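> Here you go, work-v7.txt (compact mmCIF, C-alpha atoms and all ligand atoms):
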# COMPACT_ATOMS: atom_id res chain seq x y z
CA MET A 1 0.35 -31.97 14.40
CA SER A 2 3.62 -31.01 16.01
CA GLY A 3 7.30 -31.80 15.61
CA PRO A 4 10.39 -30.11 14.30
CA GLY A 5 9.59 -26.96 12.39
CA THR A 6 5.87 -26.90 13.09
CA GLN A 7 4.01 -23.96 14.58
CA ARG A 8 0.39 -25.04 14.90
CA ILE A 9 -2.01 -22.08 14.97
CA GLU A 10 -4.16 -22.14 18.10
CA ALA A 11 -5.78 -18.71 18.02
CA LEU A 12 -6.62 -15.98 15.54
CA GLU A 13 -8.08 -12.61 16.56
CA ALA A 14 -9.13 -9.87 14.12
CA ILE A 15 -8.96 -6.41 15.72
CA ILE A 16 -10.23 -3.24 14.03
CA VAL A 17 -8.02 -0.22 14.78
CA ASP A 18 -8.83 3.44 13.98
CA LEU A 19 -6.01 5.96 13.77
CA PRO A 20 -6.43 9.71 13.19
CA LEU A 21 -4.69 11.31 10.18
CA VAL A 22 -2.41 14.32 10.57
CA ARG A 23 -4.41 16.14 7.92
CA GLU A 24 -7.42 15.50 5.75
CA GLN A 25 -6.61 13.28 2.78
CA ARG A 26 -8.65 14.01 -0.31
CA PHE A 27 -8.97 10.93 -2.50
CA ALA A 28 -10.80 10.75 -5.81
CA ALA A 29 -13.73 9.09 -4.06
CA LEU A 30 -13.85 10.62 -0.58
CA ASP A 31 -12.26 12.88 2.01
CA ALA A 32 -10.71 10.98 4.90
CA ARG A 33 -9.83 12.10 8.42
CA SER A 34 -8.88 8.76 9.86
CA GLN A 35 -7.30 5.55 8.70
CA SER A 36 -8.58 2.17 9.79
CA MET A 37 -7.01 -1.24 9.58
CA VAL A 38 -7.52 -4.78 10.88
CA LEU A 39 -4.78 -6.46 12.87
CA LEU A 40 -4.74 -10.24 12.48
CA VAL A 41 -3.17 -11.67 15.62
CA LEU A 42 -2.24 -15.36 15.36
CA ARG A 43 -0.76 -17.50 18.13
CA SER A 44 1.01 -20.83 17.77
CA GLN A 45 1.18 -23.76 20.19
CA ASP A 46 4.65 -22.60 21.27
CA GLY A 47 3.19 -19.20 22.20
CA ILE A 48 4.72 -17.40 19.22
CA GLU A 49 2.52 -14.49 18.19
CA GLY A 50 2.40 -13.37 14.57
CA VAL A 51 0.65 -10.17 13.56
CA GLY A 52 -0.57 -9.15 10.13
CA GLU A 53 -2.18 -5.89 9.11
CA ALA A 54 -4.95 -5.54 6.53
CA SER A 55 -5.08 -1.85 5.74
CA LEU A 56 -7.42 0.02 3.42
CA PRO A 57 -7.25 3.52 2.00
CA SER A 58 -10.19 4.74 4.12
CA GLY A 59 -13.02 2.37 3.32
CA PRO A 60 -14.16 0.15 0.45
CA TRP A 61 -13.84 2.63 -2.46
CA TRP A 62 -10.53 1.20 -3.68
CA GLY A 63 -10.84 -2.56 -3.34
CA GLY A 64 -14.40 -3.37 -2.25
CA GLU A 65 -13.37 -4.60 1.20
CA SER A 66 -13.85 -2.61 4.39
CA VAL A 67 -12.42 -3.18 7.86
CA GLU A 68 -15.88 -4.37 8.87
CA SER A 69 -16.10 -6.89 5.99
CA ILE A 70 -12.56 -8.08 6.69
CA LYS A 71 -13.35 -8.75 10.34
CA ALA A 72 -16.66 -10.45 9.51
CA ASN A 73 -15.14 -12.71 6.85
CA VAL A 74 -12.09 -13.55 8.94
CA ASP A 75 -14.13 -14.35 12.05
CA GLY A 76 -16.82 -16.29 10.19
CA TYR A 77 -15.03 -18.03 7.33
CA LEU A 78 -11.24 -17.65 7.18
CA ALA A 79 -10.13 -18.11 10.81
CA PRO A 80 -11.68 -21.62 11.15
CA LEU A 81 -9.58 -22.72 8.14
CA VAL A 82 -6.36 -21.42 9.70
CA ILE A 83 -6.82 -22.76 13.24
CA GLY A 84 -5.03 -26.08 13.68
CA GLU A 85 -2.79 -25.56 10.62
CA ASP A 86 1.00 -25.30 10.69
CA ALA A 87 2.18 -21.73 10.07
CA PHE A 88 4.94 -23.12 7.84
CA ALA A 89 2.36 -24.69 5.50
CA VAL A 90 1.53 -21.25 4.13
CA ASP A 91 1.06 -22.50 0.54
CA SER A 92 -1.62 -25.00 1.49
CA ILE A 93 -3.29 -22.61 3.95
CA MET A 94 -3.58 -19.87 1.30
CA ARG A 95 -4.88 -22.42 -1.20
CA LYS A 96 -7.55 -23.47 1.32
CA LEU A 97 -8.55 -19.85 1.86
CA ASP A 98 -8.81 -19.28 -1.91
CA ASP A 99 -10.92 -22.42 -2.36
CA ALA A 100 -13.34 -21.43 0.39
CA VAL A 101 -13.60 -17.63 -0.07
CA HIS A 102 -13.60 -15.69 -3.35
CA GLY A 103 -11.74 -12.39 -3.43
CA ASN A 104 -11.07 -10.77 -0.03
CA SER A 105 -7.42 -10.25 -0.97
CA PHE A 106 -6.88 -7.71 1.84
CA ALA A 107 -8.11 -10.14 4.51
CA LYS A 108 -6.04 -12.99 3.06
CA ALA A 109 -2.92 -10.83 2.76
CA GLY A 110 -3.24 -9.88 6.44
CA ILE A 111 -3.42 -13.55 7.44
CA GLU A 112 -0.44 -14.48 5.25
CA MET A 113 1.56 -11.63 6.79
CA ALA A 114 0.88 -13.01 10.29
CA LEU A 115 1.88 -16.54 9.20
CA LEU A 116 5.17 -15.24 7.81
CA ASP A 117 5.75 -13.26 11.01
CA ILE A 118 5.40 -16.51 13.02
CA GLN A 119 7.74 -18.33 10.63
CA GLY A 120 10.34 -15.59 10.93
CA LYS A 121 10.14 -15.50 14.73
CA ALA A 122 10.32 -19.30 15.02
CA LEU A 123 13.37 -19.37 12.74
CA GLU A 124 14.83 -16.18 14.29
CA GLN A 125 15.05 -14.66 10.82
CA PRO A 126 13.66 -11.49 9.28
CA VAL A 127 10.78 -12.16 6.87
CA TYR A 128 12.80 -10.87 3.91
CA ASN A 129 14.99 -13.99 4.30
CA LEU A 130 11.87 -16.11 3.74
CA LEU A 131 11.12 -14.24 0.51
CA GLY A 132 14.42 -14.50 -1.30
CA GLY A 133 16.74 -12.39 0.81
CA LYS A 134 17.69 -8.76 1.11
CA ALA A 135 18.42 -6.72 -1.99
CA ARG A 136 18.10 -3.23 -0.46
CA ASP A 137 18.14 -1.47 2.94
CA SER A 138 15.96 1.51 2.12
CA LEU A 139 13.32 2.90 -0.22
CA PRO A 140 12.88 6.42 -1.65
CA VAL A 141 9.41 7.46 -0.44
CA ALA A 142 6.98 9.73 -2.28
CA TRP A 143 4.66 11.97 -0.25
CA PRO A 144 0.98 12.34 -1.21
CA LEU A 145 -0.26 15.88 -1.85
CA ALA A 146 -3.98 15.52 -1.38
CA THR A 147 -5.64 18.67 -0.11
CA GLY A 148 -6.58 20.02 -3.56
CA ASP A 149 -5.19 23.49 -2.79
CA ALA A 150 -2.07 24.11 -4.92
CA SER A 151 -0.61 26.88 -2.71
CA ALA A 152 -0.98 24.80 0.44
CA GLU A 153 0.46 21.78 -1.37
CA ILE A 154 3.52 23.73 -2.54
CA ASP A 155 4.13 24.85 1.07
CA GLU A 156 3.64 21.28 2.30
CA ALA A 157 6.16 19.98 -0.28
CA ARG A 158 8.73 22.67 0.60
CA GLU A 159 8.48 21.72 4.27
CA LYS A 160 9.09 18.04 3.44
CA LEU A 161 12.06 19.01 1.26
CA ASP A 162 13.53 21.18 4.04
CA LYS A 163 13.27 18.32 6.53
CA ARG A 164 14.88 15.95 3.96
CA LEU A 165 11.86 13.65 4.32
CA HIS A 166 10.60 13.60 0.72
CA ASN A 167 11.74 14.84 -2.67
CA ILE A 168 9.08 12.96 -4.63
CA PHE A 169 5.47 14.14 -4.48
CA LYS A 170 2.35 12.43 -5.72
CA LEU A 171 -0.73 14.53 -6.36
CA LYS A 172 -3.93 12.70 -5.59
CA MET A 173 -6.28 13.80 -8.37
CA GLY A 174 -9.71 12.97 -9.72
CA ALA A 175 -11.80 14.66 -7.02
CA MET A 176 -12.12 17.97 -8.89
CA ASP A 177 -13.05 19.05 -12.38
CA PRO A 178 -10.20 17.84 -14.65
CA GLU A 179 -9.36 21.31 -15.92
CA ALA A 180 -8.91 22.74 -12.41
CA ASP A 181 -7.16 19.55 -11.32
CA VAL A 182 -4.63 19.68 -14.18
CA GLU A 183 -4.02 23.38 -13.60
CA ARG A 184 -3.36 22.62 -9.93
CA ALA A 185 -0.91 19.82 -10.83
CA CYS A 186 0.92 21.97 -13.39
CA ARG A 187 1.30 24.77 -10.86
CA VAL A 188 2.77 22.43 -8.25
CA ALA A 189 5.07 20.75 -10.82
CA ARG A 190 6.40 24.07 -12.18
CA GLU A 191 6.95 25.43 -8.69
CA LEU A 192 8.95 22.38 -7.59
CA GLU A 193 10.83 21.90 -10.86
CA GLY A 194 14.46 21.01 -10.24
CA ALA A 195 13.92 20.51 -6.50
CA ALA A 196 11.59 17.50 -6.55
CA LYS A 197 9.80 14.99 -8.74
CA VAL A 198 6.05 15.46 -9.15
CA ARG A 199 3.64 12.69 -10.09
CA CYS A 200 -0.12 12.48 -10.66
CA ASP A 201 -2.68 9.86 -9.64
CA PRO A 202 -6.31 10.42 -10.72
CA ASN A 203 -7.24 6.95 -9.38
CA GLY A 204 -8.95 5.86 -12.57
CA ARG A 205 -11.38 8.79 -12.70
CA TRP A 206 -10.60 10.02 -16.23
CA ASP A 207 -11.88 8.81 -19.57
CA GLU A 208 -9.57 8.47 -22.56
CA THR A 209 -10.39 11.90 -23.98
CA THR A 210 -9.63 13.62 -20.69
CA ALA A 211 -6.42 11.64 -20.23
CA SER A 212 -5.24 12.39 -23.80
CA TRP A 213 -5.98 16.08 -23.23
CA ALA A 214 -4.29 16.19 -19.81
CA LEU A 215 -1.16 14.17 -20.57
CA PRO A 216 0.77 16.65 -22.80
CA ARG A 217 -0.03 19.48 -20.36
CA LEU A 218 1.27 17.51 -17.39
CA VAL A 219 4.38 16.40 -19.29
CA GLU A 220 5.08 19.97 -20.37
CA ALA A 221 4.88 21.14 -16.73
CA GLY A 222 7.49 18.53 -15.74
CA VAL A 223 5.39 15.70 -14.28
CA ASP A 224 7.47 12.51 -14.59
CA LEU A 225 4.87 9.80 -13.90
CA ILE A 226 1.14 9.37 -14.36
CA GLU A 227 -0.62 6.70 -12.33
CA GLN A 228 -3.83 4.99 -13.42
CA PRO A 229 -5.59 7.87 -15.16
CA LEU A 230 -8.10 5.51 -16.83
CA GLN A 231 -10.73 3.22 -15.34
CA ARG A 232 -9.24 -0.02 -14.09
CA TRP A 233 -11.11 -2.20 -16.60
CA ASN A 234 -10.07 -0.20 -19.67
CA LEU A 235 -6.86 -2.09 -20.49
CA GLU A 236 -7.13 -1.43 -24.23
CA GLY A 237 -7.42 2.29 -23.46
CA CYS A 238 -4.44 2.00 -21.10
CA ALA A 239 -2.45 0.38 -23.94
CA ARG A 240 -3.35 3.19 -26.36
CA LEU A 241 -2.31 5.78 -23.77
CA THR A 242 0.97 3.97 -23.05
CA ARG A 243 1.92 4.18 -26.75
CA HIS A 244 1.65 7.97 -26.67
CA CYS A 245 2.98 8.51 -23.15
CA PRO A 246 6.54 9.90 -23.00
CA ILE A 247 6.63 9.47 -19.20
CA ALA A 248 6.00 6.43 -17.00
CA HIS A 249 2.38 5.26 -17.19
CA MET A 250 1.94 3.32 -13.96
CA LEU A 251 -0.93 0.88 -13.50
CA ASP A 252 -2.28 0.35 -10.00
CA GLU A 253 -6.01 -0.51 -9.87
CA SER A 254 -5.68 -2.36 -13.22
CA VAL A 255 -3.17 -4.84 -11.81
CA CYS A 256 -4.35 -6.76 -8.75
CA SER A 257 -4.20 -10.45 -9.70
CA LEU A 258 -1.61 -12.50 -11.57
CA GLN A 259 -4.14 -12.79 -14.39
CA ASP A 260 -4.33 -8.98 -14.55
CA MET A 261 -0.56 -8.86 -14.85
CA GLN A 262 -0.55 -11.44 -17.63
CA ARG A 263 -3.12 -9.46 -19.63
CA VAL A 264 -1.26 -6.16 -19.07
CA ALA A 265 1.96 -7.78 -20.30
CA GLU A 266 0.19 -9.10 -23.42
CA LEU A 267 -1.35 -5.72 -24.24
CA ARG A 268 1.60 -3.61 -23.04
CA ALA A 269 -1.10 -1.69 -21.17
CA GLY A 270 1.33 0.12 -18.86
CA SER A 271 5.02 0.94 -18.52
CA LEU A 272 5.30 0.59 -14.73
CA ILE A 273 3.43 -1.57 -12.20
CA SER A 274 2.51 -0.53 -8.66
CA LEU A 275 2.93 -3.48 -6.29
CA LYS A 276 0.67 -3.67 -3.24
CA ILE A 277 0.63 -6.68 -0.96
CA MET A 278 -3.04 -6.21 -0.02
CA LYS A 279 -4.52 -6.02 -3.52
CA THR A 280 -2.69 -9.17 -4.65
CA GLY A 281 -3.52 -11.24 -1.55
CA GLY A 282 -0.12 -11.52 0.09
CA MET A 283 3.62 -11.03 -0.09
CA ARG A 284 4.40 -14.28 -1.86
CA ARG A 285 1.92 -13.73 -4.66
CA THR A 286 3.02 -10.10 -5.01
CA LYS A 287 6.56 -11.40 -5.41
CA THR A 288 5.34 -13.65 -8.23
CA LEU A 289 3.52 -10.72 -9.82
CA SER A 290 6.71 -8.66 -9.66
CA GLU A 291 8.62 -11.45 -11.42
CA MET A 292 5.96 -11.57 -14.14
CA ALA A 293 6.23 -7.81 -14.68
CA LEU A 294 10.03 -7.92 -14.81
CA ALA A 295 9.95 -10.93 -17.16
CA ALA A 296 7.78 -8.85 -19.50
CA GLY A 297 10.27 -5.99 -19.34
CA ILE A 298 7.95 -3.78 -17.27
CA PRO A 299 9.55 -2.17 -14.18
CA ILE A 300 7.92 -2.18 -10.75
CA TYR A 301 7.13 0.32 -7.99
CA MET A 302 6.35 -0.14 -4.28
CA GLY A 303 2.83 1.18 -3.62
CA THR A 304 0.96 1.74 -0.36
CA PHE A 305 -2.49 1.65 1.20
CA LEU A 306 -1.36 4.04 3.96
CA GLU A 307 -0.46 1.30 6.39
CA SER A 308 0.25 2.01 10.06
CA SER A 309 3.79 1.89 11.43
CA TYR A 310 3.26 -1.86 11.78
CA GLY A 311 2.07 -2.53 8.25
CA THR A 312 4.71 -0.23 6.83
CA GLY A 313 7.45 -2.20 8.58
CA ALA A 314 5.91 -5.35 7.10
CA ASN A 315 5.80 -3.80 3.62
CA MET A 316 9.44 -2.80 3.99
CA GLN A 317 10.36 -6.43 4.70
CA PHE A 318 8.84 -7.34 1.34
CA CYS A 319 10.27 -4.28 -0.39
CA ALA A 320 13.77 -5.18 0.86
CA THR A 321 13.71 -8.15 -1.53
CA LEU A 322 13.13 -5.97 -4.62
CA ARG A 323 16.38 -4.98 -6.28
CA ASP A 324 15.26 -2.58 -9.01
CA LEU A 325 12.71 0.10 -8.17
CA PRO A 326 13.60 2.84 -10.68
CA TYR A 327 10.83 5.17 -9.43
CA GLY A 328 11.08 4.20 -5.73
CA GLY A 329 7.85 3.82 -3.81
CA GLU A 330 5.53 5.44 -1.30
CA LEU A 331 5.49 3.65 2.07
CA SER A 332 4.49 6.91 3.77
CA GLY A 333 1.53 5.77 5.90
CA PRO A 334 3.08 6.33 9.36
CA LEU A 335 3.85 9.96 8.50
CA LEU A 336 0.25 10.60 7.54
CA VAL A 337 -1.20 8.84 10.56
CA ALA A 338 -0.98 10.89 13.76
CA GLU A 339 -0.58 7.90 16.07
CA SER A 340 1.60 4.82 16.13
CA ILE A 341 0.67 1.35 17.38
CA THR A 342 4.19 -0.07 17.49
CA GLU A 343 7.03 -0.09 19.99
CA GLN A 344 9.47 0.96 17.24
CA ASP A 345 9.19 4.01 15.03
CA PRO A 346 9.83 3.56 11.32
CA GLU A 347 13.02 5.34 10.34
CA TYR A 348 12.60 8.04 7.69
CA ARG A 349 15.70 10.04 6.81
CA ASP A 350 17.44 11.44 3.75
CA PHE A 351 14.28 11.01 1.67
CA GLU A 352 14.12 7.26 2.35
CA LEU A 353 12.47 4.73 4.64
CA HIS A 354 15.05 2.41 6.20
CA LEU A 355 14.64 -1.29 6.93
CA GLN A 356 14.00 -2.15 10.58
CA PRO A 357 16.32 -4.72 12.21
CA GLY A 358 14.81 -7.71 13.99
CA THR A 359 13.21 -11.07 13.33
CA GLY A 360 9.79 -11.72 11.81
CA LEU A 361 8.37 -8.49 10.41
CA GLY A 362 10.76 -6.45 12.55
CA MET A 363 7.98 -4.57 14.35
CA SER A 364 6.05 -5.23 17.55
CA ILE A 365 2.64 -3.95 18.60
CA ASP A 366 2.60 -1.77 21.72
CA PRO A 367 -0.19 -3.30 23.87
CA GLU A 368 -1.11 0.04 25.50
CA LYS A 369 -1.41 1.81 22.17
CA LEU A 370 -3.45 -1.05 20.77
CA ALA A 371 -5.78 -0.86 23.78
CA ALA A 372 -6.23 2.86 23.16
CA PHE A 373 -7.03 2.64 19.44
CA ARG A 374 -8.92 -0.62 19.00
CA ARG A 375 -12.48 0.05 17.98
CA ASP A 376 -14.04 -2.36 20.47
CA ARG A 377 -12.80 -0.31 23.44
CA ASP A 378 -14.55 2.68 24.98
CA TYR A 379 -11.93 5.02 23.59
CA SER A 380 -12.59 5.33 19.88
CA LEU A 381 -12.39 7.93 17.17
CA HIS A 382 -15.96 7.69 16.00
CA ALA A 383 -16.63 11.18 17.26
CA VAL A 384 -14.22 12.73 14.76
CA GLN A 385 -15.26 10.50 11.86
CA ARG A 386 -17.98 11.55 9.51
MN MN A 401 -2.84 4.46 -6.91
Can you present the structure in this file as structure tokens?

Amino acid sequence: MSGPGTQRIEALEAIIVDLPLVREQRFAALDARSQSMVLLVLRSQDGIEGVGEASLPSGPWWGGESVESIKANVDGYLAPLVIGEDAFAVDSIMRKLDDAVHGNSFAKAGIEMALLDIQGKALEQPVYNLLGGKARDSLPVAWPLATGDASAEIDEAREKLDKRLHNIFKLKMGAMDPEADVERACRVARELEGAAKVRCDPNGRWDETTASWALPRLVEAGVDLIEQPLQRWNLEGCARLTRHCPIAHMLDESVCSLQDMQRVAELRAGSLISLKIMKTGGMRRTKTLSEMALAAGIPIYMGTFLESSYGTGANMQFCATLRDLPYGGELSGPLLVAESITEQDPEYRDFELHLQPGTGLGMSIDPEKLAAFRRDRDYSLHAVQR
């Protein structure tokens, strides 16, 4: 299979990479000191290399997949279905992957990203031109406050404000007792009032009673957005909360698939949707999900799984096609990760991440950095992991 416009895939390698974090990140489910991802490196018969990144927020707590499961399922089941296919036939490749392997949206999204990278490079076009074209050059980026210590978090936020890096802050919640957690959030919100926006994300760890108790307190302290306070499956509860929520009630875990989005639109279960390429299985399907949300009159937001500099550049290619993001987004991964694996550095200035020039995904992997941080080399970060 070759001819005009074809890029037959000859090789696919899945590489686990471990990068240290600049500080401990306290999620609802765990404390993380490093961030791991899988790079999917595809090569076509013309020697064009496309790279995708499947990144996870420190292990399987969010989506069920881990870097180890991604590599195992790619090597054993997904790669053989991609080898020999034309990178331009992305629709039929993704359909094949869905027919053969249930779920595994992170693994599939990483493969799709690499296919689009090859397409872009072969056509000498940035990937955003394959997804509908550019609607923006930059994205306002929220910073996660996730140590659990309000005083330290206020200092951290002030430093980000001074450097003009971030003026939106998202408190990761759900790890502590709700009363202490809400008190912490209210303190941070009051302290930063007027200087920055403060948002809360308990990652689905609250029940309805707790959320109904917490919401008026958070609103009163000036919080302008609450993300997924309720369990992901409790869409009826989410709908009840939305009716009484005077601020944006953003759904993240509750909206992964297109079917999730359809149900949320029917129930009016949220008033804002967090888009993430990994949870929905690729950029193209995430684009469809965004259109479904907008068609239902529900605005969208650009979420993150703390991607590396590479994955963040890729996410920005997708994000560039989204015209209306009234609450911005949070592509902050490279600032939280202490090391980069790319030749280019993502450009953060004036509170926004700026689109990288270039073809494909606009980023290239630095081979020396990759050699230093890939897990299957002698140098690894296992010693500092718990
Ligand atoms: Mn979230």
> With all atoms listed in the file as the atoms that count, which of A:Ile247, A:Cys256, A:Leu39, A:Ile154 lies nearest to Arg232 in chain A?
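The closest residue to Arg232 in chain A is A:Cys256.
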> Please determine the residues with any atom at most 12 Å from (-7.7, 20.0, -11.8) (coordinates as given in the file, with only C-alpha atoms counting) and report them as a ChimeraX atom specification.
/A:28,146-150,171-188,200-202,205-206,210-211,214,217-218
> For the selection you just gave me, I'd like the residues written to a file as a PDB file, in the coordinates of the input, keeping C-alpha atoms.

ATOM      1  CA  ALA A  28     -10.800  10.750  -5.810  1.00  0.00           C
ATOM      2  CA  ALA A 146      -3.980  15.520  -1.380  1.00  0.00           C
ATOM      3  CA  THR A 147      -5.640  18.670  -0.110  1.00  0.00           C
ATOM      4  CA  GLY A 148      -6.580  20.020  -3.560  1.00  0.00           C
ATOM      5  CA  ASP A 149      -5.190  23.490  -2.790  1.00  0.00           C
ATOM      6  CA  ALA A 150      -2.070  24.110  -4.920  1.00  0.00           C
ATOM      7  CA  LEU A 171      -0.730  14.530  -6.360  1.00  0.00           C
ATOM      8  CA  LYS A 172      -3.930  12.700  -5.590  1.00  0.00           C
ATOM      9  CA  MET A 173      -6.280  13.800  -8.370  1.00  0.00           C
ATOM     10  CA  GLY A 174      -9.710  12.970  -9.720  1.00  0.00           C
ATOM     11  CA  ALA A 175     -11.800  14.660  -7.020  1.00  0.00           C
ATOM     12  CA  MET A 176     -12.120  17.970  -8.890  1.00  0.00           C
ATOM     13  CA  ASP A 177     -13.050  19.050 -12.380  1.00  0.00           C
ATOM     14  CA  PRO A 178     -10.200  17.840 -14.650  1.00  0.00           C
ATOM     15  CA  GLU A 179      -9.360  21.310 -15.920  1.00  0.00           C
ATOM     16  CA  ALA A 180      -8.910  22.740 -12.410  1.00  0.00           C
ATOM     17  CA  ASP A 181      -7.160  19.550 -11.320  1.00  0.00           C
ATOM     18  CA  VAL A 182      -4.630  19.680 -14.180  1.00  0.00           C
ATOM     19  CA  GLU A 183      -4.020  23.380 -13.600  1.00  0.00           C
ATOM     20  CA  ARG A 184      -3.360  22.620  -9.930  1.00  0.00           C
ATOM     21  CA  ALA A 185      -0.910  19.820 -10.830  1.00  0.00           C
ATOM     22  CA  CYS A 186       0.920  21.970 -13.390  1.00  0.00           C
ATOM     23  CA  ARG A 187       1.300  24.770 -10.860  1.00  0.00           C
ATOM     24  CA  VAL A 188       2.770  22.430  -8.250  1.00  0.00           C
ATOM     25  CA  CYS A 200      -0.120  12.480 -10.660  1.00  0.00           C
ATOM     26  CA  ASP A 201      -2.680   9.860  -9.640  1.00  0.00           C
ATOM     27  CA  PRO A 202      -6.310  10.420 -10.720  1.00  0.00           C
ATOM     28  CA  ARG A 205     -11.380   8.790 -12.700  1.00  0.00           C
ATOM     29  CA  TRP A 206     -10.600  10.020 -16.230  1.00  0.00           C
ATOM     30  CA  THR A 210      -9.630  13.620 -20.690  1.00  0.00           C
ATOM     31  CA  ALA A 211      -6.420  11.640 -20.230  1.00  0.00           C
ATOM     32  CA  ALA A 214      -4.290  16.190 -19.810  1.00  0.00           C
ATOM     33  CA  ARG A 217      -0.030  19.480 -20.360  1.00  0.00           C
ATOM     34  CA  LEU A 218       1.270  17.510 -17.390  1.00  0.00           C
TER      35      LEU A 218
END
> Could you give me, as a ChimeraX atom specification, the residues that have an atom at most 10 Å away from the point (-7.2, -3.8, -3.7) in the coordinates of the file, using all atoms listed in the file?
/A:55-57,60-65,103-106,252-257,276-281,305
> Figure out the distance between CA of Cys245 in chain A and CA of Trp233 in chain A, please, to one decimal in Å.
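Going from CA of Trp233 in chain A over to CA of Cys245 in chain A, I get 18.9 Å.
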> Compile a residue-level contact table for range 240-347 of chain A against range 369-378 of chain A at a cut-off of 12 Å, reporting for every qualifying residue the shortest atom pair and its distance in Å to one decimal, with all atoms listed in the file counted, rows ordered by chain and ascending number, as a Markdown table.

| residue | atom | partner | partner_atom | distance |
| --- | --- | --- | --- | --- |
| A:Ser308 | CA | A:Leu370 | CA | 11.7 |
| A:Ser309 | CA | A:Lys369 | CA | 11.9 |
| A:Tyr310 | CA | A:Leu370 | CA | 11.2 |
| A:Ala338 | CA | A:Phe373 | CA | 11.7 |
| A:Glu339 | CA | A:Lys369 | CA | 8.7 |
| A:Ser340 | CA | A:Lys369 | CA | 7.4 |
| A:Ile341 | CA | A:Lys369 | CA | 5.2 |
| A:Thr342 | CA | A:Lys369 | CA | 7.5 |
| A:Glu343 | CA | A:Lys369 | CA | 8.9 |
| A:Gln344 | CA | A:Lys369 | CA | 12.0 |
> Could you give me, as a Markdown table, every range 257-317 of chain A residue with an atom at most 10 Å from range 348-353 of chain A, plus its closest atom pair and distance in Å to one decimal, counting all atoms listed in the file, rows ordered by chain then number?

| residue | atom | partner | partner_atom | distance |
| --- | --- | --- | --- | --- |
| A:Thr312 | CA | A:Leu353 | CA | 9.5 |
| A:Gly313 | CA | A:Leu353 | CA | 9.4 |
| A:Met316 | CA | A:Leu353 | CA | 8.1 |
> For the residues in the current selection, export C-alpha atoms as an mmCIF file, in the frame of the given file.

data_model
loop_
_atom_site.group_PDB
_atom_site.id
_atom_site.type_symbol
_atom_site.label_atom_id
_atom_site.label_comp_id
_atom_site.auth_asym_id
_atom_site.auth_seq_id
_atom_site.Cartn_x
_atom_site.Cartn_y
_atom_site.Cartn_z
ATOM 1 C CA THR A 312 4.710 -0.230 6.830
ATOM 2 C CA GLY A 313 7.450 -2.200 8.580
ATOM 3 C CA MET A 316 9.440 -2.800 3.990
#
> Return the padded bounding box of range 155-164 of chain A as AutoDock Vina command-line options: axis-aligned, built from all atoms listed in the file, 8 Å added on each side, with centre and edge lengths in Å to one decimal.

--center_x 9.3 --center_y 20.4 --center_z 3.1 --size_x 27.2 --size_y 24.9 --size_z 22.8
> Just how far from CA of Ser58 in chain A is CA of Pro334 in chain A, in Å to one decimal?
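Computing it gives 14.4 Å between the two atoms.
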> Just give me the gap between CA of Gly311 in chain A and CA of Leu21 in chain A in Å, one decimal is fine.
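Taking CA of Gly311 in chain A and CA of Leu21 in chain A, their separation equals 15.5 Å.
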> Name all residues at most 10 Å from Gly194 in chain A (count all atoms listed in the file; drop same-chain ones fewer than 4 positions away) and give them as a list in words.
Ala189, Arg190 and Gly222 of chain A
> Go ahead and write the residues just picked, C-alpha atoms, as a PDB file, in the coordinates of the input.

ATOM      1  CA  ALA A 189       5.070  20.750 -10.820  1.00  0.00           C
ATOM      2  CA  ARG A 190       6.400  24.070 -12.180  1.00  0.00           C
ATOM      3  CA  GLY A 222       7.490  18.530 -15.740  1.00  0.00           C
TER       4      GLY A 222
END
> Smallest atom-to-atom distance to ligand MN 401 (chain A): which of A:Gly84, A:Pro20, A:Gly237, A:Pro144, using only C-alpha atoms and all ligand atoms?
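Of the candidates, the smallest distance to ligand MN 401 (chain A) is held by A:Pro144.
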> For Leu306 in chain A, which residue among A:Tyr327, A:Trp213, A:Phe88, A:Trp143 is the nearest when counting all atoms listed in the file?
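For Leu306 in chain A, the nearest of the candidates is A:Trp143.
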> Which residue out of A:Leu289, A:Leu215, A:Ile226, A:Leu322 has the minimum interatomic distance to ligand MN 401 (chain A) when all atoms listed in the file are used?
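Of A:Leu289, A:Leu215, A:Ile226, A:Leu322, the one nearest ligand MN 401 (chain A), counting all atoms listed in the file, is A:Ile226.
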> Point out the residue among A:Gly362, A:Gly282, A:Gly297, A:Gly303 with the least atom-to-atom distance to ligand MN 401 (chain A), counting all atoms listed in the file.
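Among the listed residues, A:Gly303 lies closest to ligand MN 401 (chain A).
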> Considering only C-alpha atoms and all ligand atoms, state which residue in the set A:Ala109, A:Leu361, A:Ile273, A:Leu336 is at the smallest distance from ligand MN 401 (chain A).
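Going through A:Ala109, A:Leu361, A:Ile273, A:Leu336 one by one, the smallest distance to ligand MN 401 (chain A) is for A:Ile273.
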> What lies within 12 Å of range 139-141 of chain A using all atoms listed in the file, ignoring chain neighbours under 2 positions off, as a PyMOL selection string?
chain A and resi 135-137+143-144+160-161+164-170+196-197+301-304+312-313+315-335+347-356
> Which residues are close to range 68-71 of chain A, i.e. within 8 Å by all atoms listed in the file, leaving aside same-chain residues fewer than 6 positions away? Reply as a ChimeraX atom specification.
/A:14-16,38,104,106-107
